[in-house]
Amino acid sequence: MPAFLLQSVASTFDQPTIDFHALAPALVLTGALVVVLLVDLFTPKGSRGIVPSVAGIGILAAMVPVLTLALDGADRSMFGGAYVVDNFSLVMQAMFLLAAYVVVLLSTNYIAEGDYAEGEYYFLLLSALLGMLVMASSRDLVTMFVALELLSIPAYMLAGWRKRDRLGNEAGVKYYLMGVFASAVTLYGMSLLYGISGSTLFTDIAVAVARGDGFGDTTPFITLGVVFVLVGFAFKVSAVPFHTWAPDTYEGAPTPVTAFLSVNSKAAGFVALLQLILIAFIGRDDVVGPLMWVLAALTMTVGNLIALRQTNIVRMLAYSGVAQAGFMLAPLAVVGSNSDGARSAVVTYLLIYAAMNLGAFAVVLAVARKTRSAEIASWGGLFEYAPGLTVLMTVFLFSLAGIPPLGGWLAKFVVFRALLSPELTAGGVILAVVVGVNSVIALYYYANVARQMWMNPVPDGDRTPVRVPFSLAAAIALTLVFTVAFGVSNLATRFGDLATFLPA
Amino acid sequence: MDNNEFLTEWGLTLMVFLPLAGALLLMVIPKAQEQMIKVVALGAALASGAVGVAVLANFNYDSSEELQFVVNRNWIEFIHANYLVGIDGLSVPLIALTLLITPLVMVYSWNHFPEPHNPKAFLILMLILATGMLGTFVAQDLILFFVFFEVVLLPMYFMIGVWGGEQRQYAAIKFFLYTLFGSALMIVSFLALFFVAGGDSFSMVELAQGVADRNAAGNLTLLTQVLIFGGMFMGFGIKVPMFPFHTWLPDAHTQAPTAGSVILAAVLLKLGTYGFIRVALFILPEAAVEWAPYIGALAVIGIIYGALGCLAQTDMKRLIAFSSVAHMGFVMLGIASLTTFGLNAAVFGMVAHGLITGMLFFLAGSVKDRFHTLEIKRLGGLLLQAPKLGWILGFCIMASLGLPGLAGFWGEFPAILSAYNPAPALSQGLFRTYMVIAAFGTVLAAGYLLWLFQRTAFGTPSEEFADTEIEDVRVSEWIAWVPLLALILVLGVFPNIIFHVTDPFLTAMGNTFAGLK
């Protein structure tokens, strides 16, 4: 009898075919993070600098399968469609990897020179990155949730990495509590969606959600499920009114981690939103559209207005990041009439934003090595003793502000474009004007930093030149090239256009 | 490839980007090598000028209504933006003006860069500025136009903010925020236009054709066009600047260093009026008819308001700045008449204002250099202390108030006259009222300008400066000023030099408006 039972169980289990090529980026990264731990274990205490190199090489190694998959060009789907490799996932994975590589470059000196555990830091960084890679490929609620937790939990720890610092502790705890709450909300929404559709696959949910029937009138439940899931990810991308953790966490976390959170983690949130909205909830743009419209308008306006009052540059960048998230949410408001345009606009924006924002953080790190302060006032007269860094920071800031020919203008442009096509609608035009007005407000606080650097005197009269370590210089050079190239060529828009989903 | 082919293919591109190449070159020259920095900067400006002269010499003036030297390349395919450049009779005079002003400003600054000195950064900014200005005048694709239009913002912001007067930070950010606000609405308009006109090209010619086709087929509402024009109006109107968006101008002009003021007055303001003709009127003629009465009203308010503002000023530079508001009012009145005559006057007015007001700002700068103040009541007796400087000031003031025989006249007088007979679709009574008001404005202009001259140049030097030795016109100043002074005179006597170039293109445009009821 037991043998029979066993046999029946065994016969219902089909060994899934595993496509190792498709999983290779994640597998290589998993290997890399194990190596990082081992290397840290077996290197003597004093020899710093080896671990970050290993981490960086590991990330670049994970780039290789992404490239071979891109060259191969075939869409791959595994585990019944729960994990896919398509153009979208490849573009986003490449972005995550490159951005994380820049973060490693930013971290190298900061972590080595502070009193921090080095091996664990890079281990956690790579773990979070692994979650992001999976996120870009997940087309099913469970996979997505696992990816979400995999990228969030290491990030909570990284945020509190300055453990002897009061602000550092606040950063960690606040981020953790808010993040867990958001995860719970998301999970609740997911359970409702599962209850209605009977499946965790996005394609199945799309059918059930669009049909709107089931057990009697389930429309309110569907709406609730959709809204809860989206709200959970709205925390991740720090959309107003779910942004309150961002400034404190950004200020208290080590600055390279802040850069990681504001670029990679935010991008992961947008990746999830795009997949959910464009695949699973595509039939419910009547719910998603207005929700995103309100979120976008609130996020950019509130983020900007609070950013105006900041005196600390990291907090300023945090709030500016909130406002930028608002710009990225805007195309999702017209997802019903222009889903392709919304997708390519958000992807393009993410690519450009990653380059310019990481660049700004890199300069902040470089300058803080001399000024030992993040107050904007301490940036006074930078032009007198560090003209190169001043020009670079100016480039990144005005790119964030959207001044041509730097990358940021094209990002704003594709948002406008998505909002106004294929035909003019009242909602789209009004949101476009809101975006326009907000770009002007944003200019004020970006220009304020430029004003400090160029036009004000040095506050303490200390004009010793800033020494920029090699890894930071490399990070700045990399981000500068992309920031400028994105602005004057079709590079970013091309990838934005290419990043299509696997057809259902 | 023979010479001509090379020029056709690369002439405009070289002209636009040589200054930028110069700026990049300057970045790698160490700051201490000042002489070398100046020579390289001037060299880049002159090289761009030389290419420009070659292009203008090969320009076919017999068919100046057609786009020439057209280059069309793919740029950002995804958004259908092309690298499309070309010039016609409308752009030629403004390009010539820009090519002239840039090296002159450099020569003027040669030995006295404003505080905090740093010629390297200053000249880099100036060269970037030159690329932006030239690019705007050659771009025939709206996105390309927009990018160049915005490129000028940053260098100007820093030029005012770093090298400016006491209120420089306030003036710089005000200038920046005002103009960016206009551009933000403008780009929304450009995109809306792109989609209503078919959505496959940003080329101005094709957009105009697309709008015309849809108008003929009756599937484009007038309201949409009027709204799109409204966004452009904000962008260009703030740049001009038109009343009530003019308040950034007096601050920016007053605080900017001399070189900045001159470029601002001579070229930057023209980007706005040029944009009106090249983009707004050209692509959306029907909406332009709806807007013209309001533009005309704001123009004449600007004329009177600017003049009254001048009368209230105590600072010489600020007075000249306000006079710009009034002069640009005349240009806008000419545009608002929507006639060939008025448009020609407007383009002439742009060039004349560029030369004359540019000169006036040069003079203000030189006065400031010598007296360390521009407060009118502390000055006086300039003709006694520095007679040459004084007489040049007198000459420019005469030109500015529109004395026949000098360039200012040909911008102002025909603009007023054009309002007598506006395009048939516009109300004749209304525009004749505008004409009377504008004519009254010229009286005020004569008033404030002569009053300025009287207070600064006549009489005896004030006690404060009675014993100060005042240097008369320097060599670098002569080099910078003589071309401008000569042009003011030459264009005053032979206005046809410009009218001949601009007329064919503007006649075609005027005929379009004449056909609208």
# chains A, B, ... in the order shown; residues from 1 in each chain; ligands from 1
>>> select_by_dssp(residues="region 234-340 of chain A", states="alpha helix (DSSP H)", output="PyMOL selection string")
chain A and resi 234-236+245-252+255-260+266-275+285-307+313-329+339-340
>>> residues_around(residues="Ala386 (chain A)", least_positions_apart="3", cutoff="10 Å", atoms="only C-alpha atoms", output="PyMOL selection string")
chain A and resi 367+381-383+389-391+453+463-467
>>> write_last_selection(atoms="C-alpha atoms", output="PDB file, in the first residue's frame")
ATOM      1  CA  VAL A 367      34.029  65.313  -2.019  1.00  0.00           C
ATOM      2  CA  GLY A 381      33.777  77.179  -3.383  1.00  0.00           C
ATOM      3  CA  LEU A 382      34.462  73.666  -4.614  1.00  0.00           C
ATOM      4  CA  PHE A 383      35.249  75.159  -8.000  1.00  0.00           C
ATOM      5  CA  LEU A 389      34.838  67.422  -9.652  1.00  0.00           C
ATOM      6  CA  THR A 390      32.758  70.597  -9.800  1.00  0.00           C
ATOM      7  CA  VAL A 391      32.243  70.294 -13.524  1.00  0.00           C
ATOM      8  CA  MET A 453      30.097  74.986  -5.793  1.00  0.00           C
ATOM      9  CA  ARG A 463      41.664  74.643  -0.230  1.00  0.00           C
ATOM     10  CA  THR A 464      43.594  71.395  -0.170  1.00  0.00           C
ATOM     11  CA  PRO A 465      42.821  69.544  -3.389  1.00  0.00           C
ATOM     12  CA  VAL A 466      40.574  66.494  -3.208  1.00  0.00           C
ATOM     13  CA  ARG A 467      42.391  63.237  -3.821  1.00  0.00           C
TER      14      ARG A 467
END
>>> atom_distance(atom1="CA of Leu358 (chain A)", atom2="CA of Ala401 (chain A)")
14.6 Å
>>> interface_residues(of="chain A", to="chain B", cutoff="10 Å", atoms="only C-alpha atoms", output="number ranges by chain")
A: 384, 387-388, 394, 398, 402-406, 409-410, 412-414, 416-424, 429, 432-444, 447-448, 450-452, 454-456, 487-497
>>> closest_residue(among="A:Ile279, A:Gly168, A:Ala297, A:Val209", to="Glu251 (chain A)", atoms="only C-alpha atoms")
A:Gly168
>>> residues_around(residues="Ile283 (chain B)", least_positions_apart="6", cutoff="10 Å", atoms="only C-alpha atoms", output="PyMOL selection string")
chain B and resi 193+197+204-212+225+229+276-277
>>> write_last_selection(atoms="C-alpha atoms", output="tab-separated table (two decimals), in the first residue's frame")
chain	number	residue	atom	x	y	z
B	193	LEU	CA	2.32	69.00	-32.46
B	197	ALA	CA	0.67	66.27	-37.43
B	204	MET	CA	9.70	71.71	-39.33
B	205	VAL	CA	8.83	71.64	-43.01
B	206	GLU	CA	7.08	68.30	-42.73
B	207	LEU	CA	5.24	69.33	-39.58
B	208	ALA	CA	3.99	72.47	-41.31
B	209	GLN	CA	2.87	70.35	-44.25
B	210	GLY	CA	1.19	67.87	-41.91
B	211	VAL	CA	-0.71	70.61	-40.13
B	212	ALA	CA	-1.72	72.20	-43.43
B	225	GLN	CA	-3.70	74.39	-32.59
B	229	PHE	CA	0.69	77.61	-30.02
B	276	PHE	CA	8.29	82.69	-33.15
B	277	ILE	CA	8.84	83.10	-36.87
>>> select_by_dssp(residues="region 14-189 of chain A", states="strand (DSSP E or B)", output="PyMOL selection string")
chain A and resi 76-78+83-85+138+140
>>> write_last_selection(atoms="C-alpha atoms", output="mmCIF file, in the first residue's frame")
data_model
loop_
_atom_site.group_PDB
_atom_site.id
_atom_site.type_symbol
_atom_site.label_atom_id
_atom_site.label_comp_id
_atom_site.auth_asym_id
_atom_site.auth_seq_id
_atom_site.Cartn_x
_atom_site.Cartn_y
_atom_site.Cartn_z
ATOM 1 C CA ARG A 76 13.260 31.052 -22.897
ATOM 2 C CA SER A 77 10.584 30.062 -20.456
ATOM 3 C CA MET A 78 10.923 27.650 -17.537
ATOM 4 C CA TYR A 83 10.870 32.158 -14.846
ATOM 5 C CA VAL A 84 11.583 33.562 -18.277
ATOM 6 C CA VAL A 85 14.414 35.046 -20.250
ATOM 7 C CA SER A 138 9.919 36.372 -12.610
ATOM 8 C CA ASP A 140 4.739 34.462 -11.287
#
>>> residues_around(residues="region 469-481 of chain B", least_positions_apart="3", cutoff="12 Å", atoms="only C-alpha atoms", output="NGL selection string")
:B and (100-112 or 259 or 262 or 355-356 or 358-363 or 365-372 or 381-393 or 396 or 461 or 464-466 or 484-488)
>>> atom_distance(atom1="CA of Phe235 (chain A)", atom2="CA of Ala499 (chain A)")
24.4 Å
>>> residues_around(residues="Thr500 (chain A)", least_positions_apart="5", cutoff="8 Å", atoms="only C-alpha atoms", output="mmCIF file with all heavy atoms, in the first residue's frame")
data_model
loop_
_atom_site.group_PDB
_atom_site.id
_atom_site.type_symbol
_atom_site.label_atom_id
_atom_site.label_comp_id
_atom_site.auth_asym_id
_atom_site.auth_seq_id
_atom_site.Cartn_x
_atom_site.Cartn_y
_atom_site.Cartn_z
ATOM 1 N N ASP A 86 13.604 36.979 -21.465
ATOM 2 C CA ASP A 86 13.173 37.685 -22.673
ATOM 3 C C ASP A 86 13.965 38.996 -22.769
ATOM 4 O O ASP A 86 14.844 39.243 -21.937
ATOM 5 C CB ASP A 86 11.656 37.923 -22.664
ATOM 6 C CG ASP A 86 11.190 38.632 -21.404
ATOM 7 O OD1 ASP A 86 12.044 39.114 -20.647
ATOM 8 O OD2 ASP A 86 9.974 38.703 -21.175
ATOM 9 N N ASN A 87 13.673 39.771 -23.768
ATOM 10 C CA ASN A 87 14.459 40.997 -23.961
ATOM 11 C C ASN A 87 14.407 41.901 -22.741
ATOM 12 O O ASN A 87 15.402 42.484 -22.334
ATOM 13 C CB ASN A 87 13.930 41.776 -25.169
ATOM 14 C CG ASN A 87 14.203 41.053 -26.455
ATOM 15 O OD1 ASN A 87 14.999 40.111 -26.457
ATOM 16 N ND2 ASN A 87 13.557 41.462 -27.517
ATOM 17 N N PHE A 88 13.229 41.982 -22.167
ATOM 18 C CA PHE A 88 13.061 42.846 -20.997
ATOM 19 C C PHE A 88 13.983 42.395 -19.867
ATOM 20 O O PHE A 88 14.725 43.189 -19.294
ATOM 21 C CB PHE A 88 11.598 42.808 -20.548
ATOM 22 C CG PHE A 88 11.329 43.557 -19.279
ATOM 23 C CD1 PHE A 88 11.155 44.933 -19.295
ATOM 24 C CD2 PHE A 88 11.243 42.901 -18.060
ATOM 25 C CE1 PHE A 88 10.908 45.631 -18.124
ATOM 26 C CE2 PHE A 88 11.004 43.590 -16.895
ATOM 27 C CZ PHE A 88 10.832 44.957 -16.930
#
>>> residues_around(residues="Gly402 (chain B)", least_positions_apart="5", cutoff="9 Å", atoms="only C-alpha atoms", output="JSON, numbers by chain")
{"B": [397, 407, 408, 409, 410, 411, 412, 413, 442, 445, 446]}
>>> residues_around(residues="Pro247 (chain A)", least_positions_apart="6", cutoff="12 Å", atoms="only C-alpha atoms", output="list in words")
Ala159, Leu167, Glu170, Ala171, Lys174, Tyr175, Ser238, Ala253, Thr258, Leu261, Ser262, Gly303, Ile306, Ala307, Gln310, Asn312, Ile313, Val314, Arg315, Met316, Leu317, Ala318, Tyr319, Ser320, Gly321 and Val322 of chain A
>>> atom_distance(atom1="CA of Leu127 (chain B)", atom2="CA of Leu18 (chain B)")
8.8 Å
